[in-house]
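Raw protein12.txt, compact mmCIF, C-alpha atoms:
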```
# COMPACT_ATOMS: atom_id res chain seq x y z
CA MET A 168 14.88 -23.34 -13.17
CA GLY A 169 16.04 -19.93 -14.14
CA ILE A 170 17.15 -18.24 -17.32
CA SER A 171 19.15 -15.10 -17.96
CA PHE A 172 17.91 -11.98 -19.70
CA GLY A 173 20.21 -13.04 -22.58
CA ASN A 174 18.39 -16.38 -22.84
CA LEU A 175 15.12 -14.50 -22.86
CA GLU A 176 16.16 -12.37 -25.85
CA GLU A 177 17.19 -15.54 -27.67
CA LEU A 178 13.78 -17.06 -26.98
CA ILE A 179 11.93 -13.94 -28.16
CA GLU A 180 13.83 -14.12 -31.43
CA LEU A 181 13.14 -17.84 -31.83
CA VAL A 182 9.41 -17.42 -31.28
CA ASN A 183 9.36 -14.54 -33.74
CA ASN A 184 11.28 -16.50 -36.38
CA ILE A 185 9.26 -19.69 -36.16
CA TYR A 186 5.79 -18.47 -35.28
CA SER A 187 5.92 -14.81 -36.33
CA PHE A 188 4.73 -14.06 -32.82
CA ASP A 189 6.23 -10.82 -31.58
CA LEU A 190 7.06 -10.74 -27.88
CA ASN A 191 9.53 -7.88 -28.30
CA GLY A 192 7.32 -5.27 -26.67
CA TYR A 193 6.66 -7.37 -23.57
CA SER A 194 8.04 -6.29 -20.17
CA ARG A 195 11.10 -8.43 -19.65
CA ALA A 196 10.83 -9.03 -15.88
CA SER A 197 7.34 -10.49 -16.10
CA LEU A 198 8.10 -12.49 -19.23
CA LYS A 199 11.19 -13.96 -17.59
CA ARG A 200 9.11 -15.13 -14.64
CA ARG A 201 6.54 -16.69 -16.96
CA VAL A 202 9.20 -18.53 -18.97
CA SER A 203 10.84 -19.85 -15.79
CA ARG A 204 7.41 -21.02 -14.69
CA ILE A 205 6.89 -22.94 -17.95
CA MET A 206 10.29 -24.57 -17.53
CA ASP A 207 9.36 -25.64 -13.99
CA LEU A 208 5.92 -26.83 -15.09
CA TYR A 209 7.29 -29.07 -17.85
CA SER A 210 10.65 -29.80 -16.14
CA LEU A 211 12.64 -28.35 -18.99
CA ASP A 212 16.04 -26.71 -19.09
CA PHE A 213 16.59 -23.86 -21.52
CA SER A 214 17.86 -25.96 -24.42
CA SER A 215 15.00 -28.47 -24.16
CA LEU A 216 12.55 -25.57 -23.98
CA LYS A 217 13.94 -24.27 -27.27
CA ASP A 218 13.88 -27.79 -28.68
CA ASN A 219 10.22 -28.26 -27.74
CA LEU A 220 9.28 -24.90 -29.22
CA THR A 221 11.01 -25.79 -32.45
CA ASN A 222 10.05 -29.44 -32.84
CA THR A 223 7.02 -30.38 -30.72
CA PRO A 224 3.71 -29.73 -32.48
CA GLY A 225 1.25 -27.99 -30.20
CA PHE A 226 3.84 -26.95 -27.64
CA PHE A 227 3.78 -23.34 -28.74
CA ASN A 228 0.11 -23.07 -27.85
CA LYS A 229 0.81 -24.39 -24.34
CA PHE A 230 3.72 -21.96 -24.12
CA LEU A 231 1.44 -19.10 -25.12
CA ILE A 232 -1.12 -19.97 -22.44
CA GLU A 233 1.51 -19.83 -19.73
CA ILE A 234 3.29 -16.77 -21.10
CA THR A 235 0.25 -14.62 -20.63
CA VAL A 236 -1.23 -13.91 -17.24
CA ASN A 237 -4.78 -15.25 -17.31
CA VAL A 238 -5.67 -14.41 -13.74
CA THR A 239 -9.13 -12.90 -13.72
CA GLU A 240 -12.24 -12.77 -11.54
CA MET A 241 -15.89 -11.96 -11.88
CA PHE A 242 -16.49 -8.43 -10.59
CA ARG A 243 -12.80 -7.99 -9.83
CA ASP A 244 -12.44 -4.59 -8.12
CA PRO A 245 -16.10 -4.08 -7.20
CA SER A 246 -15.54 -0.30 -7.04
CA PHE A 247 -14.72 -0.37 -10.75
CA TYR A 248 -18.11 -1.93 -11.52
CA ILE A 249 -19.83 0.60 -9.27
CA ALA A 250 -18.17 3.45 -11.20
CA LEU A 251 -19.13 1.83 -14.49
CA ARG A 252 -22.74 1.41 -13.45
CA ASP A 253 -23.12 4.87 -11.91
CA GLU A 254 -20.95 7.03 -14.15
CA VAL A 255 -20.79 5.31 -17.53
CA PHE A 256 -24.00 3.31 -18.01
CA PRO A 257 -26.34 6.34 -17.77
CA TYR A 258 -24.45 7.72 -20.75
CA LEU A 259 -24.46 4.39 -22.63
CA ALA A 260 -28.21 4.19 -22.05
CA THR A 261 -28.65 7.07 -24.51
CA PHE A 262 -27.14 5.00 -27.35
CA PRO A 263 -29.41 2.75 -29.50
CA HIS A 264 -26.71 0.07 -29.62
CA ILE A 265 -23.93 -0.55 -27.15
CA LYS A 266 -20.91 -2.37 -28.51
CA ILE A 267 -18.35 -3.34 -25.92
CA TRP A 268 -14.86 -4.76 -26.30
CA SER A 269 -13.17 -6.58 -23.45
CA ALA A 270 -9.57 -6.61 -24.71
CA GLY A 271 -7.45 -9.32 -23.10
CA CYS A 272 -10.50 -11.07 -21.68
CA ALA A 273 -8.72 -14.32 -20.63
CA THR A 274 -11.37 -16.85 -19.58
CA GLY A 275 -14.23 -14.37 -19.95
CA GLU A 276 -15.14 -13.53 -16.35
CA GLU A 277 -15.14 -9.81 -17.10
CA VAL A 278 -17.42 -10.27 -20.14
CA TYR A 279 -19.97 -12.15 -18.05
CA SER A 280 -19.70 -9.60 -15.24
CA LEU A 281 -20.45 -6.83 -17.75
CA ALA A 282 -23.39 -8.85 -19.11
CA ILE A 283 -24.88 -9.16 -15.61
CA LEU A 284 -24.32 -5.48 -14.85
CA LEU A 285 -25.96 -4.48 -18.14
CA GLU A 286 -28.88 -6.88 -17.58
CA LYS A 287 -29.45 -5.37 -14.18
CA GLN A 288 -29.73 -1.89 -15.76
CA ASN A 289 -31.98 -3.19 -18.57
CA LEU A 290 -29.28 -2.50 -21.14
CA TYR A 291 -28.21 -5.99 -22.10
CA GLN A 292 -30.78 -6.40 -24.89
CA ARG A 293 -29.15 -3.48 -26.70
CA ALA A 294 -25.61 -4.53 -25.97
CA PHE A 295 -23.10 -6.76 -27.67
CA ILE A 296 -19.87 -7.71 -25.95
CA TYR A 297 -16.74 -8.85 -27.80
CA GLY A 298 -14.17 -10.67 -25.71
CA THR A 299 -10.76 -11.13 -27.26
CA ASP A 300 -7.50 -12.70 -26.20
CA ILE A 301 -4.36 -13.94 -27.95
CA ASN A 302 -4.89 -17.44 -26.79
CA SER A 303 -7.28 -19.97 -28.38
CA ASP A 304 -7.56 -22.17 -25.28
CA VAL A 305 -8.72 -19.39 -22.98
CA ILE A 306 -11.15 -18.23 -25.69
CA GLU A 307 -12.65 -21.74 -25.91
CA HIS A 308 -12.95 -21.74 -22.13
CA ALA A 309 -14.62 -18.32 -22.17
CA LYS A 310 -17.14 -19.39 -24.82
CA ARG A 311 -18.46 -22.18 -22.63
CA GLY A 312 -19.51 -19.79 -19.87
CA ILE A 313 -18.73 -22.41 -17.27
CA ILE A 314 -17.00 -21.35 -14.07
CA ASP A 315 -15.59 -23.45 -11.27
CA LEU A 316 -18.22 -23.41 -8.52
CA LYS A 317 -15.50 -23.09 -5.86
CA LYS A 318 -14.53 -19.70 -7.28
CA MET A 319 -18.12 -18.49 -7.23
CA LYS A 320 -17.94 -17.89 -3.48
CA ALA A 321 -15.33 -15.17 -3.90
CA TYR A 322 -17.11 -13.80 -6.98
CA SER A 323 -20.36 -13.61 -5.03
CA ASP A 324 -18.57 -11.54 -2.38
CA ASN A 325 -17.27 -9.23 -5.12
CA TYR A 326 -20.76 -8.95 -6.56
CA PHE A 327 -22.26 -8.24 -3.15
CA GLN A 328 -19.80 -5.35 -2.75
CA THR A 329 -21.10 -3.72 -5.93
CA GLY A 330 -24.28 -3.09 -3.94
CA SER A 331 -26.51 -4.57 -6.61
CA GLY A 332 -28.86 -5.86 -3.94
CA ASP A 333 -29.39 -9.33 -5.36
CA SER A 334 -27.31 -12.47 -5.41
CA LEU A 335 -24.92 -13.56 -8.14
CA SER A 336 -26.60 -16.98 -8.06
CA GLU A 337 -29.57 -15.39 -9.86
CA TYR A 338 -27.44 -15.40 -12.99
CA TYR A 339 -26.05 -18.92 -13.15
CA THR A 340 -27.12 -22.51 -12.71
CA ALA A 341 -24.98 -24.68 -10.47
CA ARG A 342 -24.39 -28.25 -11.56
CA TYR A 343 -22.05 -30.55 -9.68
CA ASP A 344 -18.93 -28.44 -9.30
CA ALA A 345 -19.63 -26.02 -12.11
CA ALA A 346 -21.57 -22.80 -12.50
CA ILE A 347 -23.06 -22.15 -15.92
CA ILE A 348 -23.91 -18.56 -16.80
CA HIS A 349 -27.53 -18.34 -17.95
CA HIS A 350 -27.93 -18.64 -21.69
CA HIS A 351 -29.63 -15.28 -22.16
CA LEU A 352 -26.54 -13.62 -20.65
CA ARG A 353 -24.28 -15.37 -23.12
CA LYS A 354 -26.17 -14.81 -26.35
CA ASN A 355 -25.03 -11.22 -26.93
CA SER A 356 -21.36 -11.97 -26.66
CA LEU A 357 -18.71 -13.21 -29.01
CA PHE A 358 -15.27 -14.47 -28.12
CA SER A 359 -12.46 -14.49 -30.64
CA ILE A 360 -8.70 -14.37 -30.98
CA HIS A 361 -7.16 -10.95 -31.39
CA ASN A 362 -3.59 -9.91 -30.75
CA LEU A 363 -3.25 -6.33 -29.53
CA VAL A 364 0.38 -6.35 -30.67
CA SER A 365 -0.26 -7.26 -34.31
CA GLY A 366 -4.02 -6.83 -34.75
CA GLY A 367 -5.88 -3.78 -35.99
CA VAL A 368 -9.22 -2.05 -35.56
CA PHE A 369 -12.04 -4.55 -36.16
CA ASN A 370 -15.10 -2.60 -35.05
CA GLU A 371 -16.22 0.62 -33.42
CA PHE A 372 -17.11 0.48 -29.76
CA GLN A 373 -18.98 2.53 -27.19
CA LEU A 374 -17.01 0.95 -24.36
CA ILE A 375 -13.60 -0.70 -24.27
CA THR A 376 -12.14 -2.33 -21.20
CA CYS A 377 -8.45 -3.20 -21.29
CA ARG A 378 -7.50 -3.67 -17.67
CA ASN A 379 -4.13 -4.93 -16.50
CA VAL A 380 -2.97 -5.77 -20.01
CA LEU A 381 -0.75 -2.77 -20.71
CA ILE A 382 1.34 -3.42 -17.61
CA TYR A 383 2.88 -6.40 -19.43
CA PHE A 384 4.04 -4.18 -22.32
CA ASN A 385 6.93 -1.75 -22.57
CA VAL A 386 6.19 1.94 -23.03
CA THR A 387 6.63 1.89 -26.83
CA LEU A 388 4.12 -0.93 -27.24
CA GLN A 389 1.78 0.72 -24.74
CA HIS A 390 1.67 3.79 -26.98
CA ARG A 391 0.81 1.66 -30.02
CA VAL A 392 -1.91 -0.32 -28.23
CA LEU A 393 -3.43 2.85 -26.76
CA ASP A 394 -3.59 4.34 -30.26
CA LEU A 395 -5.38 1.18 -31.42
CA LEU A 396 -7.87 1.41 -28.56
CA TYR A 397 -8.45 5.09 -29.30
CA ALA A 398 -9.06 4.33 -32.99
CA SER A 399 -11.51 1.55 -32.01
CA LEU A 400 -13.66 3.87 -29.89
CA ALA A 401 -16.68 5.76 -31.15
CA LEU A 402 -16.75 9.47 -30.33
CA PHE A 403 -18.00 9.82 -26.73
CA GLY A 404 -17.16 6.17 -26.14
CA PHE A 405 -15.48 5.08 -22.89
CA LEU A 406 -12.10 3.53 -22.19
CA CYS A 407 -11.36 1.63 -18.97
CA LEU A 408 -7.76 0.83 -18.06
CA GLY A 409 -6.38 -1.02 -15.03
CA SER A 410 -6.15 1.19 -11.97
CA LYS A 411 -2.34 1.51 -12.19
CA GLU A 412 -2.18 2.08 -15.95
CA THR A 413 -2.08 5.45 -17.73
CA LEU A 414 -2.83 7.01 -21.12
CA ARG A 415 0.90 7.70 -21.29
CA SER A 416 1.02 10.50 -23.85
CA ASP A 417 -0.21 14.08 -23.93
CA HIS A 418 -1.61 13.65 -27.42
CA LEU A 419 -4.06 11.09 -26.00
CA THR A 420 -4.88 12.86 -22.72
CA ASP A 421 -6.06 15.81 -24.82
CA LYS A 422 -8.51 13.57 -26.63
CA PHE A 423 -10.07 12.08 -23.52
CA ARG A 424 -12.09 13.42 -20.63
CA LEU A 425 -11.22 11.86 -17.29
CA VAL A 426 -14.40 10.28 -15.92
CA ASN A 427 -13.06 8.55 -12.84
CA LYS A 428 -9.48 9.01 -11.68
CA THR A 429 -9.27 6.12 -9.20
CA GLN A 430 -10.85 3.64 -11.59
CA ASN A 431 -9.03 5.04 -14.63
CA ILE A 432 -12.11 5.56 -16.81
CA TYR A 433 -11.94 7.98 -19.75
CA GLN A 434 -14.34 9.29 -22.37
CA LYS A 435 -13.22 10.01 -25.93
CA ILE A 436 -14.08 13.62 -26.70
CA ALA A 437 -12.06 14.33 -29.84
CA MET B 215 13.79 3.12 9.29
CA LEU B 216 12.68 5.15 6.28
CA GLN B 217 12.54 8.20 8.52
CA VAL B 218 16.23 8.09 9.32
CA LEU B 219 17.44 7.59 5.75
CA PRO B 220 19.50 10.65 4.73
CA GLU B 221 18.19 13.03 2.10
CA ASN B 222 21.29 12.49 -0.01
CA LEU B 223 20.79 8.70 -0.08
CA SER B 224 22.56 7.52 -3.20
CA ILE B 225 20.31 4.51 -3.85
CA GLY B 226 16.62 3.81 -4.39
CA VAL B 227 14.60 1.69 -1.97
CA LEU B 228 11.73 -0.68 -2.78
CA VAL B 229 9.32 -1.43 0.05
CA ILE B 230 7.03 -4.43 0.00
CA ILE B 231 4.41 -4.66 2.71
CA HIS B 232 1.62 -7.20 2.84
CA ARG B 233 -1.59 -5.25 2.69
CA ASN B 234 -5.08 -6.11 1.57
CA ALA B 235 -6.03 -4.64 -1.79
CA LYS B 236 -9.61 -4.31 -0.58
CA TYR B 237 -8.76 -1.52 1.84
CA GLU B 238 -7.24 1.74 0.69
CA THR B 239 -4.21 2.65 2.73
CA ASN B 240 -2.15 5.75 2.35
CA ILE B 241 0.98 4.79 4.19
CA GLU B 242 3.09 6.46 1.46
CA THR B 243 1.39 9.81 1.98
CA SER B 244 1.56 9.68 5.74
CA LEU B 245 5.23 8.69 5.68
CA SER B 246 6.13 11.21 3.03
CA ASP B 247 5.90 14.17 5.41
CA LYS B 248 8.02 12.45 8.03
CA CYS B 249 10.87 11.38 5.77
CA ARG B 250 13.80 13.21 4.25
CA ILE B 251 13.76 11.01 1.17
CA VAL B 252 10.83 10.93 -1.28
CA VAL B 253 8.25 8.28 -0.37
CA LYS B 254 5.69 7.25 -2.96
CA MET B 255 3.81 4.37 -4.53
CA ALA B 256 5.71 2.74 -7.40
CA GLU B 257 4.27 3.65 -10.78
CA GLU B 258 4.23 1.34 -13.71
CA LYS B 259 7.45 1.69 -15.84
CA GLU B 260 8.79 4.42 -13.55
CA TYR B 261 12.58 4.61 -13.32
CA VAL B 262 14.13 4.08 -9.92
CA LYS B 263 15.82 7.21 -8.62
CA PRO B 264 18.17 7.71 -5.66
CA ALA B 265 16.82 9.01 -2.35
CA THR B 266 13.37 7.64 -3.12
CA ALA B 267 11.39 4.84 -1.51
CA TYR B 268 8.84 3.10 -3.72
CA PHE B 269 6.00 1.11 -2.16
CA ALA B 270 4.49 -1.76 -4.13
CA PRO B 271 0.80 -1.04 -4.74
CA ALA B 272 -1.61 -3.43 -3.01
CA GLY B 273 -2.72 -6.25 -5.30
CA TYR B 274 0.30 -6.11 -7.63
CA HIS B 275 3.69 -7.78 -7.68
CA LEU B 276 6.49 -5.25 -8.17
CA LEU B 277 9.22 -6.23 -10.61
CA MET B 278 12.46 -4.65 -11.78
CA GLU B 279 13.13 -4.34 -15.51
CA PRO B 280 16.67 -4.59 -16.94
CA ASP B 281 16.44 -0.89 -17.91
CA HIS B 282 15.94 -0.07 -14.19
CA SER B 283 12.28 0.79 -14.54
CA MET B 284 9.70 -0.94 -12.38
CA SER B 285 6.81 -2.96 -13.70
CA LEU B 286 3.66 -4.31 -12.11
CA ASP B 287 2.20 -7.75 -12.50
CA VAL B 288 -1.10 -9.28 -11.40
CA SER B 289 -0.14 -12.92 -11.83
CA GLU B 290 -0.99 -15.47 -9.16
CA PRO B 291 -0.20 -14.57 -5.53
CA VAL B 292 3.00 -16.15 -4.18
CA ASN B 293 2.93 -17.38 -0.57
CA PHE B 294 -0.69 -16.15 -0.67
CA CYS B 295 0.71 -12.66 -1.11
CA ARG B 296 0.50 -10.10 -3.86
CA PRO B 297 2.69 -8.13 -3.63
CA SER B 298 5.08 -10.92 -2.67
CA ILE B 299 8.50 -10.13 -1.20
CA ASP B 300 10.02 -13.21 -2.87
CA VAL B 301 8.90 -12.02 -6.31
CA THR B 302 10.39 -8.55 -5.93
CA MET B 303 13.63 -9.74 -4.34
CA GLN B 304 14.18 -12.34 -7.07
CA SER B 305 13.51 -9.77 -9.74
CA VAL B 306 15.79 -7.14 -8.18
CA SER B 307 18.62 -9.64 -7.81
CA ASP B 308 18.22 -10.54 -11.53
CA VAL B 309 18.93 -6.94 -12.42
CA TYR B 310 21.25 -5.64 -9.69
CA GLY B 311 22.99 -8.88 -8.72
CA ALA B 312 25.72 -8.39 -6.11
CA SER B 313 24.86 -4.73 -5.60
CA THR B 314 21.49 -5.62 -4.11
CA ALA B 315 20.92 -5.20 -0.37
CA ALA B 316 17.82 -6.57 1.31
CA ILE B 317 16.33 -6.21 4.76
CA LEU B 318 13.64 -8.64 5.89
CA LEU B 319 11.43 -7.50 8.75
CA SER B 320 8.57 -8.87 10.82
CA GLY B 321 5.87 -10.98 9.18
CA ALA B 322 3.64 -13.99 9.59
CA ASN B 323 4.68 -16.29 6.75
CA GLN B 324 7.76 -17.40 4.85
CA ASP B 325 7.57 -14.76 2.15
CA GLY B 326 11.00 -13.25 1.59
CA ALA B 327 13.10 -16.27 2.51
CA LYS B 328 13.48 -17.51 -1.07
CA GLY B 329 13.96 -13.95 -2.27
CA MET B 330 16.81 -13.49 0.20
CA GLN B 331 18.24 -16.76 -1.10
CA SER B 332 18.33 -15.35 -4.65
CA ILE B 333 20.04 -12.18 -3.46
CA HIS B 334 22.49 -14.21 -1.38
CA GLN B 335 23.33 -16.41 -4.38
CA ALA B 336 23.85 -13.32 -6.53
CA GLY B 337 26.38 -12.05 -3.96
CA GLY B 338 24.17 -9.33 -2.49
CA LEU B 339 23.80 -8.36 1.14
CA CYS B 340 21.01 -9.97 3.20
CA ILE B 341 19.99 -8.52 6.55
CA ALA B 342 17.28 -9.89 8.82
CA GLN B 343 15.61 -8.21 11.75
CA HIS B 344 16.42 -10.07 14.97
CA PRO B 345 13.45 -12.48 15.32
CA GLU B 346 13.18 -11.76 19.06
CA GLN B 347 12.58 -8.10 18.30
CA ALA B 348 10.22 -8.68 15.42
CA GLU B 349 6.52 -8.31 16.11
CA ILE B 350 6.04 -11.62 14.32
CA ALA B 351 9.25 -13.64 14.07
CA THR B 352 8.31 -16.06 11.28
CA MET B 353 9.54 -14.08 8.30
CA PRO B 354 13.06 -13.18 9.45
CA ALA B 355 13.41 -16.55 11.21
CA SER B 356 12.57 -18.41 7.98
CA ALA B 357 15.30 -16.63 6.05
CA ILE B 358 17.79 -17.22 8.85
CA ALA B 359 16.88 -20.92 8.90
CA LEU B 360 17.60 -21.10 5.19
CA GLY B 361 21.17 -19.97 5.91
CA VAL B 362 21.08 -17.04 3.55
CA VAL B 363 21.26 -14.15 6.00
CA ASP B 364 24.58 -12.31 6.32
CA VAL B 365 23.72 -10.11 9.27
CA ILE B 366 21.05 -10.21 11.97
CA LEU B 367 20.36 -6.78 13.40
CA LYS B 368 18.44 -5.59 16.41
CA ASN B 369 16.07 -2.67 15.98
CA ASP B 370 18.51 0.00 17.19
CA GLU B 371 21.19 -1.47 14.92
CA LEU B 372 18.79 -1.38 11.97
CA LEU B 373 18.31 2.33 12.62
CA THR B 374 22.04 2.98 12.86
CA PHE B 375 22.58 1.03 9.65
CA SER B 376 19.88 3.03 7.88
CA ARG B 377 21.26 6.34 9.11
CA GLN B 378 24.71 5.46 7.81
CA LEU B 379 23.55 3.61 4.71
CA ASN B 380 25.51 5.83 2.31
CA ASN B 381 28.75 4.66 3.94
CA TYR B 382 27.97 1.05 3.09
CA ILE B 383 27.35 1.65 -0.57
CA LEU B 384 30.28 0.67 -2.71
CA ARG B 385 30.93 3.03 -5.54
CA ARG B 386 31.23 1.28 -8.84
CA ASP B 387 32.34 3.81 -11.40
```

Can you turn what I pasted into structure tokens?
Amino acid sequence: MGISFGNLEELIELVNNIYSFDLNGYSRASLKRRVSRIMDLYSLDFSSLKDNLTNTPGFFNKFLIEITVNVTEMFRDPSFYIALRDEVFPYLATFPHIKIWSAGCATGEEVYSLAILLEKQNLYQRAFIYGTDINSDVIEHAKRGIIDLKKMKAYSDNYFQTGSGDSLSEYYTARYDAAIIHHHLRKNSLFSIHNLVSGGVFNEFQLITCRNVLIYFNVTLQHRVLDLLYASLALFGFLCLGSKETLRSDHLTDKFRLVNKTQNIYQKIA
Amino acid sequence: MLQVLPENLSIGVLVIIHRNAKYETNIETSLSDKCRIVVKMAEEKEYVKPATAYFAPAGYHLLMEPDHSMSLDVSEPVNFCRPSIDVTMQSVSDVYGASTAAILLSGANQDGAKGMQSIHQAGGLCIAQHPEQAEIATMPASAIALGVVDVILKNDELLTFSRQLNNYILRRD
């Protein structure tokens, strides 16, 4: 089932009016696909979608889960993790405490990948990783640290490609069809809800990863979120964006040193 | 086909090829020197310009925004593909409607057939490579089987069409 761009604007206004949830800065083409997907998933036409959003308790949360893209992997883009380990971690190792923010963490695979990478470099004991997302269900999922064992095959391949020399299975326990990340790799992490659109600075970080989140925002919102990420970084802290994302404005590029062009890693220098 | 497009081409071209994100390819760079139009990888929120071909980056779906900028999306693969031809074609037809033209070439799955259907329903022009001349016939044949293809062209006809593309573009002032 499809909707028009006009319908989409109507929906954005409805969600804002009822839930004070602002979707205005979202890229329309992606959002339209997501909404059509929800309508297919629940067999709804546009008017019953609006009706459900207005009158069915709990439906908005389901809507929110499907609106956002929660596709993630452990060690997604192995070359990114190689760059992080080789070009960023040596610098982080000079800090007494390493606070990390995984912004838009979905079900937490990136947070656990970072935990493993830090552990491997003997940095995890000094580190604390915050994973945030707008969605309470994915946050609950992330907290559990349980990953579908079927997916672990692909994640193990990713991990192998980082050249770490050991096996991903060293870091989880397999039970039935689930993989549980070892407890000591979960204890220095905290998952909570945070909306990049409406939320503010909540801590100061040495490393922020916000990969493939900005692509779902229009340029105006991208500027705002990038300012928030900049303000959340300690001086000489690192910012990692998705490989096709950019800092957008000259006023930010002047404040960052480019660490790795292909992997889009920057260091705050001013 | 890109190589014969004229330098004064009055439209922009999006190119979706199935390629593995795990291997770097630089098809844009290697084609760029051989073409008279600009050939590049599509950048996030970049506006589509005439006489330019934009390749979807590996690992991302390429979408068209109502303001004629392009956006990228890493949602689930469609037809096991990301970028998926269906996704881009559907998105382009949402924005450009009847002024969309699509050409579906060789390929090993059914990606593109539903996208051509969207363009067809929006009143756009759908062209398929003649399956007999395609390296792998499945993709154009699937769209043809769906009954949404307006014209089936052989390879030499595809080249002629590309060369004369400006003549087929209806001015809408």

- Item | Contacts of Glu346 of chain B within 10 Å, all atoms listed in the file, excl. fewer than 4 positions in-chain, as a list in words | Ser320, Ile350, Ala351, Pro354, Ala355 and Lys368 of chain B

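Any residue of chain A with an atom within 9 Å of chain B counts; using only C-alpha atoms, that gives Ser171, Phe172, Ser194, Arg195, Ala196, Ser197, Arg200, Thr235, Val236, Asn237, Val238, Asp244, Asn379, Ile382, Tyr383, Asn385, Val386, Lys411, Glu412 and Thr413 of chain A.
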
- At a cut-off of 12 Å from (10.4, -22.5, -16.0) in the coordinates of the file, what residues are picked up using all atoms listed in the file, written as a ChimeraX atom specification? /A:168-171,175,198-217,230,233-234

Next, write the just-selected residues to a file, as a CSV table (one decimal), in the frame of the given file, keeping C-alpha atoms as the atom set.
```csv
chain,number,residue,atom,x,y,z
A,168,MET,CA,14.9,-23.3,-13.2
A,169,GLY,CA,16.0,-19.9,-14.1
A,170,ILE,CA,17.2,-18.2,-17.3
A,171,SER,CA,19.2,-15.1,-18.0
A,175,LEU,CA,15.1,-14.5,-22.9
A,198,LEU,CA,8.1,-12.5,-19.2
A,199,LYS,CA,11.2,-14.0,-17.6
A,200,ARG,CA,9.1,-15.1,-14.6
A,201,ARG,CA,6.5,-16.7,-17.0
A,202,VAL,CA,9.2,-18.5,-19.0
A,203,SER,CA,10.8,-19.8,-15.8
A,204,ARG,CA,7.4,-21.0,-14.7
A,205,ILE,CA,6.9,-22.9,-18.0
A,206,MET,CA,10.3,-24.6,-17.5
A,207,ASP,CA,9.4,-25.6,-14.0
A,208,LEU,CA,5.9,-26.8,-15.1
A,209,TYR,CA,7.3,-29.1,-17.8
A,210,SER,CA,10.6,-29.8,-16.1
A,211,LEU,CA,12.6,-28.4,-19.0
A,212,ASP,CA,16.0,-26.7,-19.1
A,213,PHE,CA,16.6,-23.9,-21.5
A,214,SER,CA,17.9,-26.0,-24.4
A,215,SER,CA,15.0,-28.5,-24.2
A,216,LEU,CA,12.6,-25.6,-24.0
A,217,LYS,CA,13.9,-24.3,-27.3
A,230,PHE,CA,3.7,-22.0,-24.1
A,233,GLU,CA,1.5,-19.8,-19.7
A,234,ILE,CA,3.3,-16.8,-21.1
```

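Interatomic distance, atom CA of Gly312 of chain A to atom CA of Gly275 of chain A: 7.6 Å.
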
- Would you list the contacts of Glu221 of chain B as a PyMOL selection string, taking every protein, DNA or RNA residue within 9 Å and counting all atoms listed in the file, but skipping same-chain residues closer than 3 positions in sequence? chain B and resi 218+224+249-252+265-266

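Remark: for Gly311 of chain B, the closest of the candidate residues B:Val253, B:Ile333, B:Ile299, B:Leu367 is B:Ile333 (distances computed over all atoms listed in the file).
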
- Message: Taking 3 positions as the minimum chain separation for residues in the same chain, which residues sit within 12 Å of Glu180 of chain A when counting only C-alpha atoms? Answer as a count of residues only.
- Response: 17

Box for segment 368-376 of chain A - axis-aligned, 4 Å on each of the six sides, all listed atoms - centre and size in Å to one decimal, as AutoDock Vina command-line options.
```
--center_x -14.1 --center_y -1.0 --center_z -28.7 --size_x 17.8 --size_y 15.1 --size_z 23.0
```

For Thr299 of chain A, work out the shell of residues within 8 Å, counting all atoms listed in the file and skipping chain neighbours fewer than 4 positions away, then give it as a PDB file with C-alpha atoms, keeping the file's coordinate frame.
```pdb
ATOM      1  CA  TRP A 268     -14.860  -4.760 -26.300  1.00  0.00           C
ATOM      2  CA  SER A 269     -13.170  -6.580 -23.450  1.00  0.00           C
ATOM      3  CA  ALA A 270      -9.570  -6.610 -24.710  1.00  0.00           C
ATOM      4  CA  GLY A 271      -7.450  -9.320 -23.100  1.00  0.00           C
ATOM      5  CA  CYS A 272     -10.500 -11.070 -21.680  1.00  0.00           C
ATOM      6  CA  ALA A 273      -8.720 -14.320 -20.630  1.00  0.00           C
ATOM      7  CA  ILE A 306     -11.150 -18.230 -25.690  1.00  0.00           C
ATOM      8  CA  PHE A 358     -15.270 -14.470 -28.120  1.00  0.00           C
ATOM      9  CA  SER A 359     -12.460 -14.490 -30.640  1.00  0.00           C
ATOM     10  CA  ILE A 360      -8.700 -14.370 -30.980  1.00  0.00           C
ATOM     11  CA  HIS A 361      -7.160 -10.950 -31.390  1.00  0.00           C
TER      12      HIS A 361
END
```

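If all atoms listed in the file are the atoms counted, then among A:Asp394, A:Glu277, A:Asp421, A:Asp344 the closest residue to Thr376 of chain A is A:Glu277.
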
- Message: I want to know what sits within 8 Å of Ser298 of chain B, based on only C-alpha atoms, with residues of the same chain fewer than 5 positions away left out; could you give that as a list in words?
- Response: Ile230, His232, His275, Pro291, Val292, Asn293, Asp325 and Gly326 of chain B

- Distance of atom CA of Gly404 of chain A from atom CA of Leu363 of chain A, expressed in Å to one decimal place: 19.0 Å

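As for atom CA of Ile341 of chain B and atom CA of Ala315 of chain B, they are spaced 7.7 Å apart.
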
- Task: Select all residues near (1.1, 5.3, 3.4) (cut-off 9 Å, inclusive, file coordinates), counting all atoms listed in the file, and output them as a PyMOL selection string.
- Result: chain B and resi 239-246+253-255+269

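Nearest to Gly332 of chain A of all the residues A:Lys287, A:Arg252, A:His264, A:Arg353 is A:Lys287, counting only C-alpha atoms.
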
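Closest approach to Phe327 of chain A among A:Met241, A:Leu251, A:Leu388, A:Ile347: A:Met241, based on all atoms listed in the file.
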
- Quick one: of A:Phe295, A:Tyr433, A:Lys320, A:Arg424, who's nearest to Leu406 of chain A, counting all atoms listed in the file? A:Tyr433
